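Each remark here refers to the structure printed beneath this line.
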Amino acid sequence: MCGIIGYTGKKNAVSIILEGLKRLEYRGYDSAGIAFFNESGVEIRKCTGKIKDLYAIIDSDKPFSTTAIGHTRWATHGKPSEENAHPHRSDGIIIVHNGIIENYLQLKKKLIDEGYKFTSETDTEVLCHLIEKYAADYPLEDAVRKALKEVRGAYALAVINEKERGKIVGVRKDSPLVVGLGDGEFFLASDVPAFLNYSRDVIFLDDGEMVVMTGDGVVVTTLDGAPVQKEVVSVSWSPAMAEKSGYKHFMLKEIYEQPRAIADTLRGRFYPESGQVNMDEFGIKEEDLRKAQKIFITACGTSWHAALIGKYMIEELARVPVEVDIASEFRYRNPVIGQDSLLVAITQSGETADTLAAQREAKRLGAKTLSICNVVGSTASREADAVFYTHSGPEIGVASTKAFTTQIVGLYLFAVGLGRLKGTVNADSAMGFLKDLLFLPGLVEKVIAADNVIERIAKELFKVNDFLYMGRGINYPIALEGALKLKEISYIHAEGYPSGEMKHGPIALVDEVLPSVFLVPKGRLYDKVLSNIEEVKSRGGRIIAVTDEGNKEVCSRSDYCISVPETNSFLSAILMAIPLQLLAYHIGVLRGCDVDQPRNLAKSVTVE
Ligand code: AGP
C-alpha cells in the first residue's frame, strides 16, 4: 500500500505535496518522491527513508511550482531504494502508482524488445513506458486509457506529461483515489487526510474511473471516456481521524482492510482454472522443494499461531512433516536441521530479533530459508534465501490482524502448491481449493458486516477478568490467537487450549462467570467440540460459540453465538479469527485501553 498525491492550482504545489505526503505516511514509509513542473519541464526529487528525508532535499532551494505529484512508498516489487522510489519517468511522462501490476513481467519483456530501457525493479515503470509509447500521438488522458487496456492488476495513478503543463490525470482500479475540490485548485490523493487542510469537498472515485485535472477544473469519465456525474461529499473528519480513514483506531481500520489485504496478497499468485499456484512467488527452487524431507516453521506471537496453522495445512495437503517452533526456543535448542530441510520464518515486521536469529541458525546449519514477511527490504526478507511478501500494507496497530490472515493465505497457497508438486494434491482438488480463495475476500466482508453483533457481546462481557478460548485441529491455533488478541489489547487474562484438553485441567476454571469461547465449524471434529461445549455447559459455564451460519444446534446450546459463512476447513480458520479480533478490539475500547499502542508492547520486538 502506498500513498499518492497530486495538486494543481495557484499555491506552491511543492509544499502542498510534501504536507500531504506527511499525512499519507501511515500508508507506507520506505521511500518518497515528488515531481513538479518548473520553467524547463518537470523535475523529480526522491529518496529512501521517510518524508522528513524528502523535506531535507527540497528545503535546500525551496522550489515553487503550481502543479506537482508525489508518492510515499510501501515496496511490493523491488527493494526500497532511490531508483525504485516513485515518481517514475519515461521521457516526458511522469507517474506515481499505488497497487500491483500483475502482468508486469510480460509487459516489461515486450517493452525491452521495443527498445525501452528500465532503471528500476518496479512494476510501475512498465506503466510509465507504456503511457509514453502512446503519448506521442494522443493527449495524456487517451494515452493512459490505451496503456491501461494492456494492464492487469490494481492501480491508483497520478500521471503528468511535460508537454501538457498543469494537467494531472488520475485513474483508479482496486486501489483508492479521491479528488479534493478547492477554489481554483484541485487535489488528487489515495486518502482524504492528504488535503483535508485545504478542502473538505471530496469526490470519491470508483473503480474504472478517470479524472482529468487542470486549473480550469476536473472532469470525471469512465476509462472508455464516457462522462460520469459524481457526487461531491463534504467530509467532517478531523485530520487525525482522517489518517484512519474515519475509523476510531488503526486496529479497527486494519481489521476492516482484511478483504483488500487478502485480495492483494492473492493477486497474480494462483490460477484456479488450472489448479496451479505460482510457486515462483515463493522463490524456492523446485528441486529444493522436492528435496525437502522436513519443513520447520518458526515465528513469534501471532506469527507463531500462523505457523501452527501452516503445519496443519502443509502436512494435510503435501504430506511433508512439519515442525513448528517459537523462535526464541528454536534458536537455542540445537535443532536437528540440515540441507534436506526448509525453514520458513514468518514475521510481519521482518525485524523480530528471535525470528531473525532462528532464521540465521537454520541457514548456518545448511537449511534453505524462506521468509513470509510483510515489509519489503526488511532484514528477514534480505537475509532469507527466498521471500514471500504478504501485501497487506503497513500494519500500524500493535495487534497483528491483517498481517496474520494474509500469512495464513500465503501458507495455504504454499501448501496447495507443494501438494501439486509432490503429487499429493491432484488438479481437481487444487482447482477446488483455489476456487475457494476467489470467494474468501467476500466471505471476510460478510464476517466483518456482523461487527455490531460482536460489539453487543463485548458490552456484556468487558468487565470479566478471565477468558478461555477453545478449538480443535486448525482452530486450536485460532483459539490461541483469540486469547492473545484479548490479553494484549484489553489486559484481561485469557488462555487458548485444544478443546480436547478441557478435562486435563482447564475445566477446573469453569464457573458461572468464566466465558468459554468455542470455535466450532462443521467438519470432522464438530461433534467432539460439541461435546466439549456440553462439558462446560453442564458445569454452569458461559458459552460463546463461533460457528457456521444457521447452525441452530450450536447456537441453542450457547449463551452467545457468532455465525460465519461456510468455506473449506482450512480457510475457515481465517473466518473464525476475525470475530475474535473484533471481540478483543471492542472489549479493549470498552475498558478504556489504548488499543493501537497497548501498555508494555511494541510493534516490532527487535531485542531478545
Ligand atoms: C501480535 O498481535 C503481537 N503484536 C506480537 O505477538 C507479534 O505477532 C510478534 O511480536 C511477532 O511479530 P512479527 O510478526 O513482526 O515477527
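Naming scheme: A, B, ... for chains in displayed order of the C-alpha cells; residues 1 onward per chain; ligands 1 onward as shown.
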
List all protein, DNA and RNA residues that have an atom no more than 6 Å from any atom of ligand 1, counting only C-alpha atoms and all ligand atoms, and report them as an NGL selection string. :A and (300-303 or 347-350 or 352 or 398-400 or 603-605)

Give me a file of those residues, with C-alpha atoms, as a PDB file, in the first residue's frame.
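What ended up in selection15.pdb:
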```
ATOM      1  CA  CYS A 300       6.843 -15.350  17.482  1.00  0.00           C
ATOM      2  CA  GLY A 301       3.456 -14.312  18.843  1.00  0.00           C
ATOM      3  CA  THR A 302       0.661 -14.095  16.332  1.00  0.00           C
ATOM      4  CA  SER A 303       3.019 -15.148  13.560  1.00  0.00           C
ATOM      5  CA  THR A 347       7.378 -12.284  10.521  1.00  0.00           C
ATOM      6  CA  GLN A 348       5.175  -9.266   9.764  1.00  0.00           C
ATOM      7  CA  SER A 349       7.884  -6.715  10.540  1.00  0.00           C
ATOM      8  CA  GLY A 350      10.858  -8.723   9.296  1.00  0.00           C
ATOM      9  CA  THR A 352      11.859  -9.577  15.221  1.00  0.00           C
ATOM     10  CA  VAL A 398       0.468  -3.180  17.608  1.00  0.00           C
ATOM     11  CA  ALA A 399      -2.003  -6.063  17.492  1.00  0.00           C
ATOM     12  CA  SER A 400      -1.435  -8.040  14.330  1.00  0.00           C
ATOM     13  CA  LYS A 603       5.010  -3.250  17.177  1.00  0.00           C
ATOM     14  CA  SER A 604       8.279  -4.960  16.470  1.00  0.00           C
ATOM     15  CA  VAL A 605      10.342  -6.711  19.177  1.00  0.00           C
TER      16      VAL A 605
END
```

Would you kindly return, as number ranges by chain, each protein, DNA or RNA residue with an atom no farther than 12 Å from any atom of region 14-19 of chain A, considering only C-alpha atoms and excluding same-chain residues fewer than 3 positions away? A: 3-11, 22-25, 32-38, 43-46, 50-59, 61-72, 185-189, 193-198

Write out as a PyMOL selection string all residues of region 19-204 of chain A that backbone DSSP assigns to alpha helix (DSSP H). chain A and resi 19-24+51-59+104-113+124-135+140-148

How would the residues just chosen look if you wrote them out with C-alpha atoms as a CSV table (one decimal), in the first residue's frame?
```csv
chain,number,residue,atom,x,y,z
A,19,GLU,CA,2.5,18.3,3.6
A,20,GLY,CA,0.1,15.8,2.0
A,21,LEU,CA,2.7,13.0,1.9
A,22,LYS,CA,3.3,13.5,5.6
A,23,ARG,CA,-0.4,12.8,6.2
A,24,LEU,CA,-0.2,9.7,4.0
A,51,ILE,CA,9.1,12.1,4.3
A,52,LYS,CA,11.4,14.1,6.6
A,53,ASP,CA,14.3,13.0,4.4
A,54,LEU,CA,12.4,14.3,1.3
A,55,TYR,CA,11.8,17.6,3.1
A,56,ALA,CA,15.6,17.8,3.5
A,57,ILE,CA,16.3,17.5,-0.2
A,58,ILE,CA,13.6,20.1,-1.0
A,59,ASP,CA,14.4,22.5,1.7
A,104,TYR,CA,4.3,-6.5,-15.5
A,105,LEU,CA,6.9,-9.2,-16.4
A,106,GLN,CA,5.3,-9.9,-19.7
A,107,LEU,CA,4.8,-6.2,-20.5
A,108,LYS,CA,8.4,-5.4,-19.4
A,109,LYS,CA,9.8,-8.0,-21.8
A,110,LYS,CA,7.8,-6.6,-24.7
A,111,LEU,CA,8.9,-3.1,-23.9
A,112,ILE,CA,12.5,-4.1,-23.6
A,113,ASP,CA,12.2,-5.8,-27.0
A,124,THR,CA,5.2,0.7,-12.0
A,125,GLU,CA,8.0,1.6,-14.5
A,126,VAL,CA,6.3,-0.6,-17.0
A,127,LEU,CA,3.2,1.6,-16.9
A,128,CYS,CA,5.3,4.7,-17.4
A,129,HIS,CA,6.9,3.4,-20.6
A,130,LEU,CA,3.5,2.1,-21.9
A,131,ILE,CA,1.9,5.5,-21.5
A,132,GLU,CA,4.9,7.3,-23.0
A,133,LYS,CA,4.6,5.0,-26.0
A,134,TYR,CA,1.1,6.3,-26.7
A,135,ALA,CA,1.6,9.9,-25.6
A,140,LEU,CA,-2.3,12.3,-21.9
A,141,GLU,CA,-5.7,11.0,-20.9
A,142,ASP,CA,-6.1,9.0,-24.1
A,143,ALA,CA,-2.5,7.7,-23.8
A,144,VAL,CA,-3.3,6.5,-20.3
A,145,ARG,CA,-6.5,4.8,-21.5
A,146,LYS,CA,-4.7,3.0,-24.2
A,147,ALA,CA,-1.9,1.8,-21.9
A,148,LEU,CA,-4.3,0.5,-19.3
```

Can you work out which one of A:Asn465, A:Gln339, A:Ser274, A:Thr265 has the shortest atom-to-atom distance to Leu413 (chain A), counting only C-alpha atoms? A:Thr265

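Between Asn551 (chain A) and the candidates A:Ser234, A:Asn374, A:Asn161, A:Ser563, the tightest atom-to-atom separation, counting only C-alpha atoms, involves A:Ser563.
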
Could you give me, as JSON, numbers by chain, the residues within 9 Å of region 467-479 of chain A, counting only C-alpha atoms and dropping anything in the same chain fewer than 3 positions from it? {"A": [304, 305, 306, 307, 308, 309, 310, 311, 312, 313, 464, 482, 483, 484, 486, 492, 493, 494, 495, 496, 497, 498, 499, 500, 501, 502, 506, 509, 510, 514, 515, 516, 517, 518, 519, 520, 521, 525, 526, 528, 529, 569, 570, 572, 573, 574, 576, 577, 580]}

Restricting to only C-alpha atoms, whichever of A:His391, A:Lys537, A:Arg200, A:Lys167 is closest to Val375 (chain A) is A:His391

For Ser175 (chain A): contacts at 7 Å, only C-alpha atoms, fewer than 5 positions along chain excluded, given as a PyMOL selection string: chain A and resi 98-99+154-156

Considering only C-alpha atoms, return as JSON, numbers by chain whatever protein or nucleic-acid residues lie within 9 Å of Gly366 (chain A), sequence-local ones (same chain, fewer than 5 positions apart) excluded. {"A": [337, 338, 339, 340, 341, 361]}

With distances taken over only C-alpha atoms, the candidate from A:Arg360, A:Lys422, A:His586, A:Lys503 nearest Glu455 (chain A) is A:His586

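Backbone DSSP over region 470-545 of chain A yields strand (DSSP E or B) at Met470, Gly471, His493, Ala494, Glu495, Gly496, Tyr497, Pro498, Pro515, Ser516, Val517, Phe518, Leu519, Val520, Arg542, Ile543, Ile544 and Ala545 of chain A.
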